[in-house]
Every structure is written in C-alpha cells, then in structure tokens.
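Trainee: Before anything else, here's the structure in question.
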Amino acid sequence: MMDVKRVISTIERKYIKNNLKKEERLDGRGLWDYREFKITPNFVAAAEGSADVSLGETRIITGLKYDIGTPFPDLPDEGVCTIMAELIPLASPLFERGPPDEQSIELARVVDRGIRHADCVQTKKLCIEAEKAVYILFVDMYVINYEGNLIDCGGVSALTTLISAQLPEGKWNGEDVEWTGGYFTGKDIVNELPLVITYGKIDDIIFLDPDLPEELVCDGRISISSTEEKITSIQKSGVATFSFDEIKMLCSKSLEIGKKLRKDLNLWQYKANIE
Amino acid sequence: MMDVKRVISTIERKYIKNNLKKEERLDGRGLWDYREFKITPNFVAAAEGSADVSLGETRIITGLKYDIGTPFPDLPDEGVCTIMAELIPLASPLFERGPPDEQSIELARVVDRGIRHADCVQTKKLCIEAEKAVYILFVDMYVINYEGNLIDCGGVSALTTLISAQLPEGKWNGEDVEWTGGYFTGKDIVNELPLVITYGKIDDIIFLDPDLPEELVCDGRISISSTEEKITSIQKSGVATFSFDEIKMLCSKSLEIGKKLRKDLNLWQYKANIE
Amino acid sequence: MMDVKRVISTIERKYIKNNLKKEERLDGRGLWDYREFKITPNFVAAAEGSADVSLGETRIITGLKYDIGTPFPDLPDEGVCTIMAELIPLASPLFERGPPDEQSIELARVVDRGIRHADCVQTKKLCIEAEKAVYILFVDMYVINYEGNLIDCGGVSALTTLISAQLPEGKWNGEDVEWTGGYFTGKDIVNELPLVITYGKIDDIIFLDPDLPEELVCDGRISISSTEEKITSIQKSGVATFSFDEIKMLCSKSLEIGKKLRKDLNLWQYKANIE
Amino acid sequence: MVLLIKDEYPEKLFQENGKRLDGRDKKELRPIKMEVDVLKNADGSAYIEWGNNKIFAAVFGPREVHPHHLSKPDKGILRVFYRMATYSVFDRKRPAPGRREKEISMIIADCLEPVLFLELYPGTAFEIFIQVIDADGGTRCASTTVASLALADAGIPMKSLVTALAVGKIDGELVVDLSGIEDKAGEADLPIAITWFNDEISLLQFDGEMDLSELDTVLKDAKEAAKKIYEIQVNTLKNKYISIQNNIEKEKGGED
Amino acid sequence: MVLLIKDEYPEKLFQENGKRLDGRDKKELRPIKMEVDVLKNADGSAYIEWGNNKIFAAVFGPREVHPHHLSKPDKGILRVFYRMATYSVFDRKRPAPGRREKEISMIIADCLEPVLFLELYPGTAFEIFIQVIDADGGTRCASTTVASLALADAGIPMKSLVTALAVGKIDGELVVDLSGIEDKAGEADLPIAITWFNDEISLLQFDGEMDLSELDTVLKDAKEAAKKIYEIQVNTLKNKYISIQNNIEKEKGGED
Amino acid sequence: MVLLIKDEYPEKLFQENGKRLDGRDKKELRPIKMEVDVLKNADGSAYIEWGNNKIFAAVFGPREVHPHHLSKPDKGILRVFYRMATYSVFDRKRPAPGRREKEISMIIADCLEPVLFLELYPGTAFEIFIQVIDADGGTRCASTTVASLALADAGIPMKSLVTALAVGKIDGELVVDLSGIEDKAGEADLPIAITWFNDEISLLQFDGEMDLSELDTVLKDAKEAAKKIYEIQVNTLKNKYISIQNNIEKEKGGED
C-alpha cells in the first residue's frame, strides 16, 4: 500500500499549516466553510434509489438495491439497511485495487453509524411480516473522484439515495411475499435527517471540511453526526488528540452547522413522486 | 506470473514465422491440418462420465459429476451444466499454482459457450420436477500435458465426457427425489455435436490448431464453434486484428473442417451402453 | 514464512544433541520426563467449557462453543465435534499472521484424531432428535505461549475443555429444538480419556516432550495417542525415519506413560458440577 | 424470496408496428452521449451514456508497474480493470470482481492494445479503470468505446480510435446495438470492435446460431453502425479542443 | 435453530434499589486486575481482567517491517492486531479476523501512537498483538489500556500511559464502564481514551443520542473514572519493579 | 437432496468364502501398474494405477524457488503439491485445494526427503506435483510410491526408492492394502512408507484401535507387502532403461 502522507512535501505541509494559522485556506474558504454540494438524485436507472453527490471536486455516486429476507431472530419485525463503500482506483492514484481497505471500511462505518443511531431509517417500516419477511437494503457508495472529506460527501450521498428510494411494496400471503402492485418511497422509510460533519486538526488548528491536501497533512480528523437537537455519533481518527474543551466546542458547532446545511440542501425535494 | 511470451526467443519466433509464410510447420503439418486426436472414454471410475483426450501431445482428462438442486426461478424446468478447467503445474512449467488464472477461465468459457449455444446439452432433459429438482452437471477439465491449443482438445474432451455419461435416474415422489433404479445416459442428454476449432494468426498468416511454439509466438487466435450448418460461437483472443474477409473465410472453413472432424472422430461410439 | 530451523545456530544444535546423547537435557529432565502440566478449568466465562493448560512454558487456552444443526445424512443420530487451532503471533515471534498454516492444521488434526478414534466424545449423546437436530461442538485452541510440544499440551487442553463442558439441554418438540431448562455436562459426553504423547528424534536419540530448542533442532517427531489398553492414533512428522523396533518400543512406552499421566492429572476433577 | 418484481423477458421483442420495444428501427442506435476529461485525478478520462448505460473510464500512465514482476523490458503493458457497480444491474452484483469482470477486462485490453505504441514505453504500464455505474446491455462495447476516448484524452499516441458495438439476432431478425432486454431475450449476440487505422476487427465474440449469410449481413451492419459512433467520438474530442482553444483565446482577450 | 439459550436483553438495566444489574453504582467501575510480563516470548506483555473481560497483549519491536514496503524512512510504524477468540463471545465468532477487528485495530493504533516517539525508530515497526480470550463489553477500551501497559513493560519510551474506558447512557441515566449487557441494551456508548501527558483525548467514539449537556457530564465522569484505572496501571508497573528489585537484592543477599 | 445413489458402507467387508469384497485374500495386493516418463514437460514423471486409483506425478527441479524467501542457503528444498481432481471421488470435491490436500502434501514431502541429497542443491527447489485423477483408497501411499518413481525418472540422485501402502483392520481382521470401501468402513487404517536404504519407516499414521500385538503383526505384514510393490517399481525403471537401450541400439543398427 502506498503511504499517502508521503505525496505531500514537507514544504507543502508547512505552507498549508501556516495559512490555516492565519485562518486562510488554499481555496479561499474560511476555517468553518464547506465546499459547495451538488446533488443529482436518481442518477442510476437500474437502482431503486440513487444519488450523484459532489462536495467540491469529491464525488460519490450511491445506489440502493434491495432484497427480501428473513429477519434476525432478536429483531423479528425490523428490516436491515447496510452501507458499503468502494474507493476505486479510478477516483484517485491514492486508491489501490483489491479488497476494501481501512479507508473504505471507515467511510462505510462512519456514514452507517451516523444514520443508524439517529432513527433515520425506520427499520420497522421495512418489515413485511414479522418473523417471516423483511426488506434488506443495500446502500453502496462508489467514490468517483477523491479530493478529500469522503465522509461528509458520502453522508449526503447515502441520505439522498434513501430519500430518493422507490421500492415495490410487498405483502405476505401466508406463504410467500408477493407484490401489491404499489410502491413505497423514501418518504416512508426516512425519518430524521442526520448529517455527518467532519473537521481536520493540524497542531492546534481545527477546521471544517478538509480538502485533499489538508487531509493528507492533518494529524487527525473528527466526524460528528447530529440531528436538529442531538449528537448521534462521533468518530475520531488519526493520531491527533483533542482537549475536552475542543470536543465540547465541536459538538456545539456541529449542531449549528448541521441546522444550516439541512436547510440549505433541502433534501426532501429529492423524494420519489408517486401518486 | 511468468510471462510466457518470453520463453520463446526472437530467433525462434522468426523461424516459425518464416516457415509459416512458406506454408511449412515445424512438425510437418500443412496450414490447415490438425494434429492427431486420441480418445479414451470412461477413464475415471469415480466419475459419472469421463474422457482422456490427446491432441498431439496436449492432453486433457475430463470428468463429470452431478448434484441435484433447485432450478433457477427463471428457468424452472431446466437443469444446469457447468464447465470448469484447471491448468495444473504438472502439465507445464508455464502453469502456476494458485486460483484459476485468465487462461483457465478462457478455456472453460470458450468450451462452455461452444456447447451452450448449440443446443448440445438438452437442459430440459435434466429436469426431474419443474421448480423442485434438476440435475446440476459439473464437467471439469484437467490439463495433464500442455503443448498448445487447449481449447480444441478441451472441446472434444468435454463433449466425449458428456456422451459417455451415465447418471442414476431420479423421480420426484412429492417431497424428495428418489432413485428409480435405472440410469440415463449421454445419448439422452446430448443433442448436437458442436466442435470448437481454433486458428492462430501471425502477421497475416492464419493456420489451424497452433501447437505450443506457434501459440507462444502468434499475435492472436480465434476459436469458432459450429454444428453441421451453423456457427454457434466465436471468440477472438490476443492482440491480432482480423479483416472482415478473413472472418468470413474462417467461418466457412470451420463448417467444412468441423464436418470432416465430426465424421472422423465418430464420438457417438463412446456412449454408455446400458440395457 | 520464516524458516524456524534457522533461528537455532549450528553450535546450539550440536550442544543439544551432545547433551541428549548423554541423556541430559538443558532443563535437567531425563529423556522420558514430561515438563510440568498446570491446568485451570473454566477459565472463559463466555464459553460453554474451557481450560487454560500449561506444559512447562507452553500455554494453550481452549474454549468450547456449540451450535445446533442438522446431522450428516449418513450419520443421522450423531452430533459433531470439530477441533481448531490458532497459532497466534502473540505466542511467539515464530508464528505469522494470516490463515492457518501447516503447523496449526497439524496441531488440530493430531489432537482431533487422538480424540476421534478413541471413543472419547460420544457423538451419539450429542443427538437431540435423529435426522433433525444434533449438537455441533467447536473446540478451539489458542496458543498463548509457544515453548515446544504444542500437541501434548493441546491434547490435555482440549480434553479438559470437553470434561468441563456444560451445555443447555435441548429437546425436540416436533418442529424445533427447545431448552429443557436443564444442562448436560462433560461427564455425559466424554467416555474414554485418550492422551497424546509426543517424542522427538535427533539422529538415533529419542526423547519425550521436546521443548522449543529441541523441537527446532530435531529431525522428526512422533505423536502416539492411547487409551488405557490401546493405541488409537499415530502421527509421524518431520524427516526422521524410525526403525520397526523403535515404533514398537514407543507404542509400548506410550501406554505406560499414558497410564501414569492419566492418573496424575486426574482430569475428571474438572467436570462441571450441577445438581 | 428475493426480489418482488422479477426480471422477466417479454415474449416478443418487436412491437406490432415493426419497431423494437424501445421504438427503434432494426439498424438504429440508442442515444449516445460522450464527454472527456471528467475525472480530475486521472491522466485521461471519459464518460459515456449509451441508452441506459453510464460508464466512466480513467487512464493512468505510462507509470511504474505494480507488482514489478509484471513489467516487460521490451515494451509497456496495458492493463484494463472493468468493474460494475453493485447497483448497476437488476440483481445486486456482489462487490468483489467476478470472473466475468476479469474476462471482459482481458478482452478489452486485447482489443485496445493494437492501436497503441507500447514498444515506446518499455518497463511501464498504462492502466485503464472502467466503472459501469448503470448497465443496460452492451457494456463491454460501450466500455471499449469510452476507454479508447479516455486514452485519447490522456494524449497517448494512438494509431486510431477504437469503436465497439453489439449486433445480433432477435425474434429471427438481425439488428444493431442490442439493448439489455434484447441481449438477454434475443437469439444471438455479436460484440465487435473496429480499429479504424486498418479497418479490421480487434474484438469479436459471438454466441447464438447463425448461418454464413446471416453472419455476413450482420458484420456489414455492424461496420456501418460503428461509423456513426466513431463520428460521435471524434466530435467529442474536437469539442474538447475547441473549448480549450476558446478558453485560451478568452484569456488572451483578457490580457489585451 | 442455532443456540438453545438466547442472548436476550433485560427490560430494565437498573434494579429496584437503584443499583445496576451487576450491583454497581452509576459511577462505579467493575473489578479490574492487571499483570505485566506474562508472556515470555514477547518483548513486553500484559494481561487484564476487567469484569469478565480477559485480554492478553504482546509487544514486539522495534523490529524489521514485513512486508518491507510498509516501512517508513522517517519514522517507525505502530501496528496493532486486535483479535477475539472464537469462544470469547456469546455466538461463536468465525475464526478469520472480521472487519470489526480490523477497524478496532486501527483505532487502537491511532490512539496509542501519540504517546510514542516513533520518529526515533525510522524504518522499523512496533507490533502489538491483542488477544481477547473472554469478552464482556468494553474490549476496545480494555485492550487499549492493557496494550499501553505492555508497551511500558517492553521498556519503550513513552510520553505517558494511555487509559481508556466506555461511558454511556442506560435507561436514561449516565453511567461509567458499560458492561456487555449495558453496551448492547443501553442507549448510548462512548469509548474514550486519555493520553495523560497532555490530558487530552486520543480515542473518541460515540453512538447513541445525547444533547450537549449530557455529553458534557459524561465526559467529566469519564475522566474521573479513568484516573482510578490509571492508578491501577501505575501500581502494576511499580509492583513489577519492586519485585525485580527484591529479586536483585535477594541475589545480592545470597552473594553476601 | 444431493446425490441419488448414496455412498453407503456394506455391513460386512468379507464374503462368506472368507475373501474380501473385491475377491482378495487378507495379504493380497490390488492390481498395480506403473509407468515412467509419461509427461513430456516435466523433468521426471510417473503414472500409477493401483486398484481404481489413477495418479500422475511430475517432478521439476532443481530449479529456482518461487517465492524466493522460501529458499535455503545451505540446502535445497522439496515441495510436494498433492491435489485431487474434483471428479476423482464419490462426492465432487471443491476445486480449491483443501486442508486435507495440504496436509497430505506435507506428509509426502517429509517422507520422501530422507532419500534425497538436498544438501547438494543449496538455494534450489525440487517440486513434485501429484494429481489424483481417480481415487479408491490409499491415495497418499500410491502418491508417495509414484512420486518416488518420478524422482528416479528425473535422474535425481537418491539413497533408495520409497514404497508406501496402507494396512489396517476390517471386521476385526488385519489386512494389507485397504481399498476405498475398506478404508471408510474398516476399523483401523495405517499408512506406512519404507525407505529401503535403511529399511526404516518414513511415513507412519494410524487411526483406529489396536493393541500392541496387533500393531506388531500389521507392521510385519506391511513390510512384506511393500517388498512386492518395490519390485514393481524397480522393474518399471528397468524396463524404461531397456527400452531406451533398445532405441539406442536400433539407431546404431540404423547407422550401420
């Protein structure tokens, strides 16, 4: 595996750090600014839901497929929603061929946890017949271009995919599941809209939405998922350490930034329209 | 992986090419001559059908095993016939240990396609009870010695194996499959006898049945499967390109060579004899 | 993979060999002495049976888990007991990460065979309902420290684990298995107490219970399992050859040493106590 | 129990008015849209929408070969990695690349290599990553076509572009550019690629049953249809250079 | 049909007397026992029993990096391999390491690296193997704690020890040191590690739902509880040196 | 639902006339046929038919070791790859080599190594590939026997040939050369190999139950039976050299 840290020279590292100290970033953003989000829902005809989402030059195309299976014995009336990520070498010379590596596992896990613990996907609505048949949703993210902060781009990509979903509606006929002829949609499945927000840290400077050079030189990152009022997931990665006060400040900031972003993106506009 | 092209020296390459230009081959054959086929059916006692087939020094021993399984939902009254190839290092220093490589996948696929699209294996006869139980046939080819043109040798080996097959006959008893006490044979399964015929190309010279040195120096190959009157499969491999006229000529030649070979081999003689 | 033989210098090899010729060993033992066994049963709370066994500095912690499954069709009234071994790199710089290698396969197989052929685990008692439901036992050995002779340590560790077992008792209710509320224990499962005894050979010197340096320099080993009166399994490994007379002598010695060890260890004291 | 709606094949592949199910005539292509330079991190890239197919191709190279023992002292190597997204097909594909994907990768590599001058790049590799995001029949041909465009976008010297499409037989009729449903429910499928520098065939597969005269006809149809696709490829590249030139002139204008 | 006894969650996680199911108060830790130098073949090792958790850690290094291409010319690398025994959990774990184990390995490595001076060991690796023999909630924290002890036992220069534990919310109440059942049936789980040299947080994960004031409280509780665990770590190391010293003095005495 | 005809074991393994099911006496071997030099691409090769067993062995070496780190500076290494064809057994074997095949490979290597002079070939490898095409009990012994022949065919210096066979106990009686059915339905199985240069045992496995006197008897029977097989091995090699000599003389005759 290539050591991604090496592709950034020491000079570049210093330059980025010094700029951040002056609260300046290479692309002109302030410390607490996001790059622009661009969203195309329903990009994939073969999928039951999909989204092509860009955050600056980072681009992730996500699709949803479903399967019908038996529920887990300890959750007999709940469906399942799994999230996977592929960091394909097409997206960056930094990505290797082969089975999912640590970075893709992290992307899938952090996006999944942000969604799972926020009452976002109403898994009980994915139940067709308790103990017999539930929907299993596969939300698969493909990174098409990598320019830093996959997590926040992936979070919006996965959420938009779920909102855009349109699944054939099944009913239990006593023996088997059959199609009612109708559909149910993201509106029926998705409840809360949790957003995951990632910060980088270099020395004692913290900043929102690291782009690729920033990600390569930073000591660590922290991703915080939240709904309107609550923090629902936190993941620190890398070798940076954070003081207790910094953590408190970032949790507070995440609620604030999340509220604004939720309003700006207005993801419900992407729900499937069926009469 | 070893690069097989390197084992042939530039001098050898020139020599083979110059000979071919003069329509001469190292082993004395003409451009459109096959090496000799030798066939021993029912070589393997543990298999339900088998054949030990040599084409010159190339030798492939194929065996058939079966299983009983549930049919695919979209083909509820058809059995399944799968073809696999193993290029084991015993057969040549050019073969590597490890999972099937490109060459073994190609061998299995080309032989499979030649058979699949020619109405050769009558998959409906492999059905015991629609939606419930069908035969699954495994036709597994082991290359024992490699001296070029595995595909044509494998084609005859797989076909002879199917013809020599003798399977216990099952019937559906409402719940399960049970043995009738009888057997059915290759004669019941095999309909058409498609033969796959392979040509090599070096520069603008095309020739039948490449042996190992020819295979190692040629720019590409084309394998054409046909029944008495129809082309049923084509596979071009390697970096050679063929003109439209060459393709037409080779299709026509394949029907002609196939007809003769089918008569010479007389494969039906190898069918299992059961009264 | 590291070549374990290389870590011992030629000088050390000579020294060990010369000592053995004088019937002396580095740790002061005689040729036919075992290092000390130390046994802690029920070490693992999460397992249905377990044992922490040391033989000198060699230490193996074994645990038992169970599953309920359908019996094999040819053994409709017998449960299954499988034995696995993991040689984890924590235990020795000689162990590599990765899938089980030859040494761990050998450990599991030799321990398994010693048990399997001695009527030790009464697989018929692991049947809940013939053709429907049987216990599947997983006896998994983890090597925690490696100082030679894993096999004899593993044999005692696996056997103690089985004796210490305490499994919820199932009954067949016509459709499914349900818990009776009771338990059955190692006493119900284990019949014979086979012990596996391993000898090393250097040149023409044979000795009991090789420690790590002896194992690294010896030409081969032989492991002999026996019950009170019968030999139940033999496994020779390494490149040593044994004369016919040596084999006879070792079989006889194994019965004798086994009898004494069985008495000294008194493994039945570790059975689960349930009223 | 797997999916509620089954991937069933229609009984007929022609409508009563003689048109194909998607309204096309027998020799009509599906709508095709191409773009180049779509992925910033690649040395060259292209994107194609062909019917419902949506495919990205990225080219990297010439660069070092990993693992090193695959490199050749006398020429560069071309490696193609064709991959389908799990959600690009009716039944979710398993994430790990399957045999089919490896086989198609090899076929596309063989088919593109004749137009490259690999002997000029000893010891190095060109790597083409192809990602099928949405699949609807003919992905190997669309992938070949878009990969050839990505090679051109990377500025790699080529003898010519390569164009591929699938022709075949459905309900007994010869047609060009099989759609997904026609590919599955039809009788014969013949993917073909043409290297324009010598007007020859560099990819040829066939599965089905045809006599010699049918084959003859269908090959002719294929070549005609390929020419139309080739024009789209050329125009896509031209537009890129026009747009670059416009930018340059704009900048010059700005400088004045 | 899998297991006869199900891994069911209780309805309530507090008893009527306000104690937790295992009899603890909200801010009470489970019993913790540590030992160092328990594995003869490692450069350093430690063992922890924390509630029902039983975990070994072995440190090797600085040593050569396999495979070599992972080594870094400017600093040493830290590799952590966290593994669970198949029998350490209620449902037998499959033997091959899963994604969860790889993820936790990475998290522990990130969390320990800040206390090491890796820049002093260019081109080499420290490898920590962690084996969970018995698991009962909070294994990643217990593993971090015991691994830090094993590093110290190996005599590797460290800025400080690292201490980790999980705090969380069960039945609406904030508690420290979640047990296995509390982890599964509770509402929120927050594993945290503290690097004492700077009093900062080097591992932080959270899953559940908390508002800002709850988070504030639970972080304070975590720090207080971590201090108690830290004392056990320090005493374990002290006892080792006392015991070594005693042995030396005994020997000296013997010499007299 | 798997196979229609079950792989069932007979109740008795002796017929009423005291003969074994295949008509043999207790100390009688199955028919054995050997051939050498059967695979043109190998440095040495051999083929054996032993009852229904059909096995090929190919020897390559001394040659370079791949991967290189397996090579030893002070001696050559012997690697054996024992593989069974999927169709060689009653229930189709999965194509990938299983644990059993790897274990038997190791056992055969250990058992052949004593007759080789590996110290004369530092840094190189001898590789023996064994392919079981048809299996009927005793494949590891037949494989050892045929591999030793392939080594001799390759002209590799050897202290002696190696001969292996399985003896055992069926229906309470000691017999030599267990057939497939006897191996599965019998009570004890003892594969053994003899290195003739020292008349010692280089492979020994045993599974079953025997007291010391039974073991004593069965080992003696094994040695006697092995001698008969050894003669076939020697004759097979002799015939090869006779046939080569005949060819040379024919050629000489031709030259005259």
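Note on naming: chains are A, B, ... as they come in the structure tokens, residues start from 1 per chain, ligands start from 1 in the order shown.
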Write out as a list in words every residue belonging to chain A that has an atom at most 6 Å from any atom of chain D, counting only C-alpha atoms.
Mentor: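 The selection requested is Val44, Ala46, Ala47, Gly63, Lys65, Asp67, Ile68, Leu90, Ser92 and Trp179 of chain A.
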Trainee: Residues within 7 Å of Ala188 (chain F), please, as a PDB file with N, CA, C and O atoms, in the first residue's frame. Count only C-alpha atoms; anything in the same chain fewer than 3 positions from it doesn't count.
Mentor:
```pdb
ATOM      1  N   GLY F 168      -4.329 -52.356   7.681  1.00  0.00           N
ATOM      2  CA  GLY F 168      -5.349 -51.965   8.644  1.00  0.00           C
ATOM      3  C   GLY F 168      -6.144 -53.128   9.162  1.00  0.00           C
ATOM      4  O   GLY F 168      -5.721 -54.300   9.062  1.00  0.00           O
ATOM      5  N   LYS F 169      -7.287 -52.791   9.746  1.00  0.00           N
ATOM      6  CA  LYS F 169      -8.140 -53.809  10.349  1.00  0.00           C
ATOM      7  C   LYS F 169      -9.557 -53.618   9.831  1.00  0.00           C
ATOM      8  O   LYS F 169     -10.090 -52.508   9.884  1.00  0.00           O
ATOM      9  N   ILE F 170     -10.139 -54.697   9.306  1.00  0.00           N
ATOM     10  CA  ILE F 170     -11.533 -54.629   8.854  1.00  0.00           C
ATOM     11  C   ILE F 170     -12.280 -55.819   9.428  1.00  0.00           C
ATOM     12  O   ILE F 170     -11.761 -56.932   9.453  1.00  0.00           O
ATOM     13  N   ASP F 207      -4.913 -44.608  12.593  1.00  0.00           N
ATOM     14  CA  ASP F 207      -6.173 -44.217  13.203  1.00  0.00           C
ATOM     15  C   ASP F 207      -7.011 -45.459  13.383  1.00  0.00           C
ATOM     16  O   ASP F 207      -7.250 -46.197  12.415  1.00  0.00           O
ATOM     17  N   GLY F 208      -7.436 -45.688  14.586  1.00  0.00           N
ATOM     18  CA  GLY F 208      -8.252 -46.869  14.849  1.00  0.00           C
ATOM     19  C   GLY F 208      -8.017 -47.299  16.276  1.00  0.00           C
ATOM     20  O   GLY F 208      -7.773 -46.481  17.144  1.00  0.00           O
ATOM     21  N   GLU F 209      -8.080 -48.553  16.509  1.00  0.00           N
ATOM     22  CA  GLU F 209      -7.769 -49.085  17.840  1.00  0.00           C
ATOM     23  C   GLU F 209      -7.059 -50.405  17.661  1.00  0.00           C
ATOM     24  O   GLU F 209      -7.601 -51.333  17.045  1.00  0.00           O
TER      25      GLU F 209
END
```
Trainee: For the strand (DSSP E) assignment from backbone DSSP, which residues of region 45-210 of chain C qualify? Please present them as a ChimeraX atom specification.
Mentor: /C:49-55,58-69,80-87,127-129,133-145,166-172,177-185,195-202,205-208
Trainee: Extract, using only C-alpha atoms, all DNA, RNA and protein residues at most 9 Å from Lys230 (chain B), discarding same-chain residues fewer than 2 positions from it, and format them as a compact mmCIF listing (two decimals) with N, CA, C and O atoms, in the first residue's frame.
Mentor:
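New file around-v6.txt:
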```txt
# COMPACT_ATOMS: atom_id res chain seq x y z
N ALA B 118 -25.33 -24.26 -28.74
CA ALA B 118 -25.52 -25.15 -29.88
C ALA B 118 -26.60 -26.18 -29.62
O ALA B 118 -26.72 -27.15 -30.33
N SER B 225 -16.89 -22.15 -32.97
CA SER B 225 -17.65 -23.38 -32.73
C SER B 225 -18.76 -23.48 -33.76
O SER B 225 -19.40 -22.48 -34.10
N SER B 226 -19.01 -24.70 -34.20
CA SER B 226 -20.09 -24.84 -35.17
C SER B 226 -20.71 -26.22 -35.08
O SER B 226 -20.09 -27.19 -34.64
N THR B 227 -21.97 -26.27 -35.46
CA THR B 227 -22.65 -27.55 -35.66
C THR B 227 -22.59 -27.83 -37.17
O THR B 227 -21.82 -27.20 -37.89
N GLU B 228 -23.37 -28.75 -37.68
CA GLU B 228 -23.28 -29.10 -39.09
C GLU B 228 -23.46 -27.90 -40.01
O GLU B 228 -22.72 -27.74 -40.99
N THR B 232 -21.96 -21.29 -33.98
CA THR B 232 -22.67 -21.11 -32.71
C THR B 232 -21.88 -20.27 -31.71
O THR B 232 -22.43 -19.84 -30.71
N LEU B 255 -16.98 -24.64 -40.76
CA LEU B 255 -18.08 -25.56 -41.07
C LEU B 255 -17.52 -26.79 -41.78
O LEU B 255 -17.86 -27.93 -41.44
N GLU D 209 -26.82 -18.67 -32.89
CA GLU D 209 -26.77 -19.57 -34.04
C GLU D 209 -27.00 -18.74 -35.29
O GLU D 209 -28.04 -18.07 -35.40
N MET D 210 -26.06 -18.76 -36.18
CA MET D 210 -26.24 -18.05 -37.45
C MET D 210 -25.61 -18.88 -38.55
O MET D 210 -24.58 -19.53 -38.34
N ASP D 211 -26.21 -18.78 -39.74
CA ASP D 211 -25.53 -19.40 -40.87
C ASP D 211 -24.61 -18.36 -41.50
O ASP D 211 -24.57 -17.20 -41.07
N LEU D 212 -23.87 -18.75 -42.51
CA LEU D 212 -22.83 -17.86 -43.02
C LEU D 212 -23.40 -16.57 -43.60
O LEU D 212 -22.81 -15.49 -43.44
```
